[in-house]
Structures are given as structure tokens and as C-alpha cells.
Amino acid sequence: MTTLRRFTCDDLFTFNSVNLDYFTETYNLPFYLQYLANWPEYCFMAEGAGQQAMGYILGKVEGEDENWHGHVTALTVAPDFRRQGLARNLMDLLESVTHKLHDGYFVDLFVRQSNSNAIGMYTKFGYSVYRTVIGYYSGEEDAYDMRKAMPRDVLKRSLIPIKSRIYPHELETD
Amino acid sequence: MDAFERRLRSIYEAFDARNPKAAVKLATAALQKHKDSQILRVLKGLALQRIDRAKEAFEVCDQVLSEAPTDEQVLNILSMVYKSKVHQAKLTSAYEVAVKARPNDAGLLAVLLSMYTRALDFVKLQQSAMKLHRLDRSRGDFLWWIVTSLVLQARASGQRDSNGEKLLQLAQSMAAKQLDEGRSEEGDPVNALLLYHSILQERNQNREALEAVKGPLGDAYNLEGERDLMVASLTAKLGDCKAAASIFRHVALHNPQNWEAIQGFLDCVLPATCPSSSVTPTNGVPQISSLSIKANGSVGQEHLNGAAHGSDAAPQEAEEFVKDLLAAVSDGSAAKMRGPLLAAVDLEARILSRAERVSSGQSAGPSGQPGRSTDTPDLAAAVLHYFKCVGHLASCAADLRPYSARVDGASRQRLNADMHAHCKTQEPADGRPPSSVHIQRQVAAFQVQHDLGLPEYRSPEEAETHAAELVAVYRQATVLERRLDEKERGIADGLIALAAGALTAAWKLEATPRRQHRLLRAVLVLEAAQVARRVSAPLRLAAMGLYGLLGAPTLAVESFTALDIKHIQHDTLSGHWLLPSLLGTLRSDMAAQLLTDCLRMFEDHNRDAGDTVLAAFQASSFTKVLEFVRFKERLQQSHSRAVAYCESAVLALTSPPAIPESAVAQVQDIAAGAMDRLQSFLPEFSRADGQATSALRFNEDLSTRPAWLPPDSGRPSLALARWWSSQPDQQTSHGYGRCWWACTLAAESAAPEAKAHRAAVTASLQWRCLLPSLIASATSADHAAAAASLPSIVERLVSFQGLQDLGELPERVAALQKQLPSSLPDLCEMLHLATFAAASAVQASLSRPTENEAAQEAGQQLGLVDSIAAALSAQLSKELRQSGGPVVAMGPAVFVAAAFANEEVYWLAMCLQAWAQPQKRRKKGKKGGVEATDSSSSAHDALQEKLRCSCQSLVTGLQELREAVTARSIAEDEMAPTLDGLLEELTALEGQLGTGGLWAWEHRLDARRVLERLLHEQNVLTASVVNRLDHALAVLGKHGH
């Protein structure tokens, strides 16, 4: 059982059960506040009984014209609450905001090439590898730029890459 | 283009080419012809700044500022020169002057508005926004800025203030008008609506709020079920629980995972006496069963006990609801059943509360804690049912925690037995190895068992056997998780943390010389598991706690680093997890670094908060503006922040003296600096009357602490000592779920233990914040001034210790001496108090050298100090000499010795040095022909004689302690045989357990290396204590050697 609600600053005081995990980065305060200030509609917290933090998603909307899209910046679920479909619920919310509120063409995200679990999960959610970003993670590891087309992109043109491998500086938005 | 413009362009080109040197040259040349040009001068200033000639740059620009420029371009460039926050006031003044000169310049006004926003000056923000709105009435967003600033002003003035109410009223009417006119389209429309609702809720205008949500504006609530839940919550608030329940029911049946809707329904029908998640009287879990208004993401909670229609038919109605919920997910996965199944458990907890309420005859109230029944079979059955259905989910124990912690009486043991029996029935037949599902279920059974406060160990062997059982399940899991990334969390990692806790209990129950082996085995169990799981949080946290207790701060820091604790976690974790380990082991360098990192986070946010508020305004995220301002205040009022500032000041005070003979002069300087710093950063704690302390926020995430490591409530440097001292009184099997700190936001909960914790840590903080002024006065050469200021400060120390007056101190000391050695930390605190009480008396005597009475009073106070210091030295020496085994940190003695040497003794030595000086001066005076009267001479001489005796007595005690500490160090040539012996004993114990034991199963573990590092850390600790004792002895004019 879950309460899905908007992410607030106060969640930063209680998200340790989620963030004390190697694969979940704890960012500096301006990072979180920037997302909450500019894209509050893209930031959600999943809370369990006793106000336990179960997981959260942070994202944004960006780009121009046919590149107008939602972006998943952070998606994380506490180890105790994995394998229960929570990540899918959070992704559904973000996609719904992109589609219904912003009428975006697609949703994208970056994932480490070595993170096969995450890649498998996103594939299951309908995402496909759009291109590879060389050395995206501190120059040490490549990222897959994965995308899922939204209803506005009827012909799914957003999923056809111009170049299948690019460098980080070639990203349209960052 | 004229000549001036050409010159100007060339300067800009130089900037574009990133050649500020050329820009300086060009600007200087241009100024020959146009010496009064403001734009040329500010450009020259900017260029000078960029070639690191800041002083000249500011000279040039200050001159332009003094001319009150109004040109926007000039002001823009000045903004670049004065971009640092320290110049903001100056820059703001410049813009204010410019706006006054050109009131219709929207560009200038907009910049000024930004400046007021960054400065969080809500009144001026409102005025500027109003002016901008008047300049361009088509822009509705400035009206939202005004509404938001009005709410902020109301909050700043206090909600009960009549002016605050008027401001809110104005904000409400403006917001309503805006919404009526459809001016919410900037950004996400929900922002405007949520802001409007914030205002209505602050004014308790629930009916208006309900109408707004039901109307077209409610479309802005775009999360699934969000609007309905809002309507239901407001309906309930208005007293119509039946209607509210109906809406909650509808939402819950549509989405049976929606816990808010489930709780909302049950709250309406069958309100809990105490919240369902704070079900046990000892557990202060926040109130999730009360209605939660999620507007703006904040949780507003209101009890509905008076409003609920909790009639006799209520349980039946609630049961029907739960049945319907279960039916709705009957063909779903286990994960989908969690909500309805837990609702059934929650219902039993509510029924139990109701029964208890009736039997105890108590009426329900927000903090009502009716008497507990001796048995809770129905709740236990519901918990068991949940376990049977979803025990294979990793969340099972966490879901059940608030309820399993409440199971009591015979049901507790029965539930435990039934869970384990169920696990047996689920095991694969034919001896096949268990699957991850089986193991996960076993893990859940052990976790729930722990939350039940079981098993209750009667002997160390029982505890150890349980630890071995837990390790065995963990090992089964590792077989299945061979391919799991070492950075991932394993399904049974939590069991290893529980095993470490069981071994801690075994240590408590052990009475033989091999007692310390129990704790060393806890270390090895954790290390063995960490070979394969390098960054698993339960393991690292347990290791961090245990290494701290064993006086091994470097090893604790390794765990802290592995968990990558940073940024906001410095507020929620660092202060209570790592700081006590560093301060308690005298690692001042590492402590200073941690405190610097913590304070940087707070200071950075204090600096950047205005920018984030401005960003939220600019994005039309008005509710976030309110949230950000509260967030800034919360960080500003953080207890961790206050502790960090305070302990930084104390760290500076304990800096070793460069010249021991001049230690007083040094500490006087440091104390003055520390007082200024505390005055500047913690003004609330620096007030002369010591009254204001209520503003603290307790952001510490205490739920991360295991059952065997309760949060400490005193000064951080004595926390380790207090843990060891308190162990005889602690239960061996408390059960995490029953710990008051286990729930979310425990530090701020309403539980009595949480309240007591907050009161104690606040008093401790106040006490610590007084230290710089105490030292400054106690060692001051201005005896009259010190004599005037010290009594009131000492009076506050007396009250912090819970004493009525100073006269009770000898009695308290005598009582503590009878309780030695467990009272060692408290006695250390008493020495602190006695020292400054003596300081007050001695300074009074020194300021009135002719008064025999004053000298006698001082002598008496010094006598008490002598007796406490002597008792402490003697007891610590005895404890350290008597404690067996190679590990010195197996009790409070070494930690009390560290705190004693680092602070209490040091302050006393400093005082004795300061007080002995007048005699030297007087002798000089005699030589110079200044004669003192006989009575003055007699009183003064008596005091000086007493001071000499005190000094001698202290030196004797410290030298004895120094020898005792030194003797506990392991010499280099003894290290190898010591380790060999220890490892042999530990290995033999492993052999007795069989099946790989507790840690020996992990062949990659270098146990000898682990023990070696531990003993090395211990040597560093004892060396640090000796070092600090030597500093004190040097200040006293004696050398330790």
C-alpha cells in the first residue's frame, strides 16, 4: 500500500531508507530545490505505512519543438520495497504528466550501460535504446539514452536516432 | 557611431575576447577624454576585478555608486562587480535610489524585486510587486507574488497575531479574485490552487476550500484520486464523517493500494485512540491514522475523534470495508494485496484500541494512551495472516512493524512460534535447497520476531545460538546471491545486523573473563558479511556504531565513507552517528573536518536559500516558495547545526597551548573568538538570560539506529561512555519495533521518550554553549568583572543538572561516588559544574582579597573540586588497571578518561594557572614597595596555599591516571603475540559452534587484520589520552614523564 504524493523539501529529512543505497545518489540541496522550484509536477514521493519513504522520482520537461519531452532524472525505490511495481507506478505518473500536462513527444532517461537490471526494467516499461552517450558517467562509463514515445509522437519519430553514438557535448539538452 | 561609442565597443570586445587586461587599458585611455563617464568607470572596475585587482575595482565602483547611478547598464555591471552576497545591501541601496529616480522603469523595478526576494524581505517584495503590477496590469503573476508575500508575512508575524490574520484575509481575497478571473494559467495551475488552499487551511476556512475543490478549479488536482481525497478530507473536517467515509471508500476500492484512502475511511469509521502506527505506548510513531491533508505535499493532521461516527456498528462497517477491499484484489499479486491485508491488521489494532479505551474508561484524545491488555490474540492473528500471505515480500516486517510491536502477552510468543512453524511448512520437500522466496520469508519471520522483542535471552549461550541461527540463514541467501553485484543489498543482510545485536546481548549477559570475545565476534560477523556486501547499509551502520563503541573511529569513518553520507545527511545522520565517535576518542582533526563539512552544508544553504526562493517565484511555484522558506527556517533551527557550531567552538578551546606557561592568555583569546562566533551563529543560545531555546528543530533521522544503540541525549564527547555505563540497565532484547526512535520523524514525535530526549539534548547544548564564556570569566584577570558575571552562569549550570541550588552539589556528588563505576560520566559532568562554581568563588575572593569569608568559601569549593577530581582519577585508574583482556575500550573508563583529560582537567588546570598569577604579582608588588594589609595577606595567602594544594592533588591524581592509561597500551613487540592469542581464542569459540560458526565460514576474511586494526586504534586512543593529560600537567607546571 502506498501513498503517492508530491515530493516536498521535508522529504529530504526522511529519505535515508531510500538513499542509503550505493546506486542512489544524494545530491546537494540546490539540485533538489531546483527541481522542486521548476518542475514540482515532476517530483513524486511514494510513502508507506508510518510515513516510511518507499521511493521517489524526480524529473523535468525540456527541449524545443519535436524535442519537447519529459526527462527522468532520478528514480529510486528502497530495497525493502522493490519488486512490487512501485517503479512502474512512479514512471506512469511521470509519463502521464508529460503527456497530459505538457503534451511532450517522448520521455527519456539515461542509464549506465552496465546496469542490466535497470535496462531490463525500462525495456519492460516500453523504453528502447535511442543512442549511446560516450563517457557520460564522469568519462568512465557510457550511458544508454533510452526513450519512450508519447501519444503526441504518432509516428514515433523521436525514437529514430540521427547518430547512434554521441559525446556528452552533443546532447541537445543536459 | 561616435568616438565614445567606438571606444565603448572596443572595451566590450576586449571582454568578449576574455582579455580584461586590454579592457583596463582601453577604459583607462577612454577615461582620459570622458573622465566622468559612469559606464567607462564601472567597466574599468569590472576589468580590474577580473585581473585580481579587487581593491582598485571596488574603489572605482564605490565612487560611481556614491553618485547614485540610474542607468540600467551601469547598474547591471555594478551587479557583476558586487555579485558577492556581502555586497548585496550596498547594491540594493543603489537600485533603490535608481528606482526612486525612475519609478516607471519596469526593468529596474524587476531587478529590485529579485533583490528583495533573495533577501527574503517579504514586505519590500510585496511593495515592489505591487508597483510592477501597477505598471503592467495585464501581468497577473505579480499579484500571485503579492499573495505569496502576504502569506509569508503572516507566517513571520505568527498565526495568532491579529495583523497576521489580516494579512491572510487579504491574501485569501486576492487569491480568490485571481482564481475567479482565471489567472492561474502561469505554470502548473495546481500551484495557484494549492496556494489558495494553504491560505484557507491556515484560516480554517474548510467550507470555502471544499467549494473550491469541488468547482472547476478542482480540475487542477491531476493525480489519480487526489481531488476526491481532498474533498473527503475537507468533508470530514467539516464534521460529515459519513459522507467523507463514502468518498474514501470509493477511492480505496478503485485503488486498493491507496493507503491514504484506506486510512481515511477507517479514521472516519473507527478512529484509533492512539495512531495505528504509534500503537505501543513506548512508540512515538507519527499519527498516520489521522487525516492527512496532502495539499502542497505537507501533512496537516487532525484528529477526528469528536467528529467520527464511531458507533457500535462501526467495527462491522469497517470489517465490511476490509472484506470488500480484499475481494477487489482477490485475483491480484501479493504486492497488490498488501494494502487490503494491512488494512485488516490496522482494523484489529483499532478494535484493540477501542476495547482498551472502554476497559480503562478513558476517553479518546490525541495523546491518549489507554492501559494495555495482557494479551492481544486477535491482533496477533491478523499479523500472522499478513505474514502468511506476504511474508515473502521484503517489505513484510517494515509494513507490520507498528502492529507487531503492539502484540503483547502470551500472543507474542505464540505469534513468533506460528510464524516460524509456517516457514517450516513452506520449506521445499526432499531436502532441496531453499529458494529466495523461502529465505525472504524466514528473514521476515526473524525481523518480526525482533520487533516483538524476542527472543528473550536468559544466557549468553542462548543469544549466541540465536546469532548463529541468523548467520546460517544469511549464508543460505549468499549461496543464491553469488552473482549479485557486491554493491547491491542482499535479501538477508539485515539478519547480520540482528546477529551483531544478539552478540551485544550475549556480551551483556556474560560474566566470565571471556566477555569481550562476544563483542569482538560481533565485529567479525559484520566484517565477514561485508566481504561480499561492501556497501550494505544495515551492515555498515551496525559496524559504524560498534567501531565507535570500541574506540576505533577510523574504522567507523570507513563505514561512514562507504555509505557516502553527505549534504542533507549531515543534518540527519552525521551528528548522531559519527560525531560522538570522533569527539569521544579525541580525534579532533577528524571531528573538525566533519564539523566543517556539516556547517558548510548549513552555511551554503543559508547563502543560497534566497536564490531558490526566487527561482520558485519565477517558475510560479508559489507553494514551493512557502515550502522553501520553511525549509530554510528548519535548517536554520536545526539541532545538529547548533551542535556543530557549539562543538567547533569547544574544539578550538581545547587546542593544545603553544606555550604551556601562557595557556591562559591563549585560551582567553580563543574563548573571546568562540563567544563572538556563537553570538553570531547561535544568538538564541547566547542570550544572557539563557531563556530562548524553544526554536530548535530535531531533524536527526533516529530510525536508522538499531535497538542496541539508542540515541544519546547528552554532550557528544561523553556519548560512548554513557552507552557503556548504561548497559547494566538496558534490556538485552528490546526489539527495534518497540524502540521509541524506530519510527519516521521520531526525534520530533510526541512520545514521552522523545520529549525527554529533546529536553535533555537542549539542556546539554545550552550547557556546552556556555563553555566559552565560563572559561573566559573563570580565567579572567579582571576578577571583579568575573565575580559579577560567573554566579548567574553557574546558576544556569546548576539548573541544567536538575539541582535546586549549588548547596545540593556535595550531596549529589556523594551519591554518585557511591554508584561508581557506573556513575563515571555523571561524576565527570559534576566536576565540570564544581570547577566553575569554584571559579565563581575564587574570582570573588580575588576581587575582595581582604575578605576572609570569601577566601573560605573559595577554599570550600576548591575542596569539593579536589575530592571529585581525586575520586575520578582514582576510579579511572582502578578501572583501567583491573579491566582484563587486550581491548581497553570495553567499558566507560577509557572514554571518561578521554573526556576528563581533554576538558574537565584542562579547564581546571587553566583556572589554577590563572588564579595563581595574582600571588606572583603581589610578590612583585611587595618588592616594589606596595604593602598589603595583614588581613588581606592572611586571606589571600590562605587561598593561595589552598590553590597550591589543589594543584598538587590534581597533579598526583593525573600522574597516577597517566600511568594506568599508559599501561593499557600494547607495546609494539607485544602486538603480534597478543593478536595470536586473541585470534586463537576466537577461532576456538568458532569451532565450538560448528557449521562454520559466526564468521569463520568466510574464508576471504582476514580476521587477524581486523583485530590488528582495532588494537592499533586502541593504542592511538590511549596515546591521545596520555597526550591530553600531559598538556594539562604542563599547564599545571608539571611534566607527565
# chains A, B, ... in the order shown; residues from 1 in each chain; ligands from 1

$ residues_around --residues "range 112-125 of chain A" --least-positions-apart "3" --cutoff "12 Å" --atoms "only C-alpha atoms" --output "ChimeraX atom specification"
/A:23,72,75-77,82-83,85-92,95,107-109,128-149 /B:484-485,487-488

$ residues_around --residues "His1016 in chain B" --least-positions-apart "5" --cutoff "10 Å" --atoms "only C-alpha atoms" --output "compact mmCIF listing (two decimals) with N, CA and C atoms, in the first residue's frame"
# COMPACT_ATOMS: atom_id res chain seq x y z
N ALA B 552 37.31 2.83 17.98
CA ALA B 552 38.03 2.71 16.71
C ALA B 552 37.42 3.67 15.68
N SER B 969 48.25 0.42 27.01
CA SER B 969 48.72 0.44 25.63
C SER B 969 49.44 -0.87 25.34
N ILE B 970 49.31 -1.34 24.12
CA ILE B 970 50.01 -2.58 23.78
C ILE B 970 51.31 -2.21 23.07
N GLU B 972 54.71 -2.40 20.89
CA GLU B 972 54.87 -2.93 19.52
C GLU B 972 55.27 -4.41 19.53
N MET B 975 52.40 -6.79 20.34
CA MET B 975 51.23 -6.80 19.47
C MET B 975 51.01 -8.18 18.82
N VAL B 1010 41.68 -7.50 10.98
CA VAL B 1010 40.59 -6.74 11.61
C VAL B 1010 40.96 -6.44 13.07
N LEU B 1011 41.41 -7.48 13.76
CA LEU B 1011 41.75 -7.30 15.18
C LEU B 1011 42.96 -6.39 15.34
N LEU B 1021 44.13 5.73 20.79
CA LEU B 1021 43.24 6.35 21.78
C LEU B 1021 43.98 6.56 23.10

$ atom_distance --atom1 "CA of Pro161 in chain A" --atom2 "CA of His99 in chain A"
21.2 Å

$ interface_residues --of "chain A" --to "chain B" --cutoff "6 Å" --atoms "only C-alpha atoms" --output "list in words"
Met1, Thr2, Thr3, Arg6, Thr8, Leu20, Asn28, Ala37, Asn38, Gly50, Asp80, Phe81 and Gln84 of chain A

$ write_last_selection --atoms "C-alpha atoms" --output "compact mmCIF listing (two decimals), in the first residue's frame"
# COMPACT_ATOMS: atom_id res chain seq x y z
CA MET A 1 0.00 0.00 0.00
CA THR A 2 1.28 3.31 -0.98
CA THR A 3 0.50 6.96 -0.86
CA ARG A 6 4.13 15.44 -4.45
CA THR A 8 8.46 18.17 -0.67
CA LEU A 20 21.44 4.78 1.97
CA ASN A 28 23.37 18.77 -2.94
CA ALA A 37 11.07 25.04 -7.93
CA ASN A 38 10.94 24.49 -11.67
CA GLY A 50 4.08 5.08 9.20
CA ASP A 80 12.63 -3.23 1.16
CA PHE A 81 10.02 -2.12 -1.36
CA GLN A 84 6.34 -4.60 -6.11

$ select_by_dssp --residues "range 619-805 of chain B" --states "helix (DSSP H, G or I)" --output "JSON, numbers by chain"
{"B": [622, 623, 624, 625, 626, 627, 628, 629, 630, 631, 632, 633, 634, 635, 636, 639, 640, 641, 642, 643, 644, 645, 646, 647, 648, 649, 650, 651, 652, 653, 660, 661, 662, 663, 664, 665, 666, 667, 668, 669, 670, 671, 672, 673, 674, 675, 676, 677, 678, 679, 680, 681, 683, 684, 685, 702, 703, 704, 716, 717, 718, 719, 720, 721, 722, 723, 724, 725, 726, 727, 728, 729, 736, 737, 738, 740, 741, 742, 746, 747, 748, 752, 753, 754, 755, 756, 757, 758, 759, 760, 761, 762, 763, 764, 765, 766, 767, 768, 769, 771, 772, 773, 774, 775, 776, 777, 778, 783, 784, 785, 786, 787, 788, 789, 790, 791, 792, 793, 794, 795, 796, 797, 798, 799, 800]}

$ closest_residue --among "B:Ala719, B:Ala23, B:Leu635, B:Val473" --to "Leu579 in chain B" --atoms "only C-alpha atoms"
B:Ala719

$ closest_residue --among "B:Leu454, B:Val842, B:Ile775, B:Leu626" --to "Leu195 in chain B" --atoms "only C-alpha atoms"
B:Leu626

$ residues_around --residues "Glu172 in chain A" --least-positions-apart "4" --cutoff "12 Å" --atoms "only C-alpha atoms" --output "VMD selection string"
chain A and resid 62 to 69 133 166 to 168

$ atom_distance --atom1 "CA of Leu94 in chain A" --atom2 "CA of Tyr42 in chain A"
6.1 Å

$ closest_residue --among "A:Ser164, A:Gln51, A:Ser17, A:Ser158" --to "Phe106 in chain A" --atoms "only C-alpha atoms"
A:Ser158

$ atom_distance --atom1 "CA of Lys177 in chain B" --atom2 "CA of Asp105 in chain B"
27.3 Å

$ closest_residue --among "B:Leu519, B:Leu872, B:Ala672, B:Leu539" --to "Gly891 in chain B" --atoms "only C-alpha atoms"
B:Leu519

$ closest_residue --among "A:Pro151, A:Pro79, A:Gly126, A:Pro40" --to "Gly55 in chain A" --atoms "only C-alpha atoms"
A:Pro79
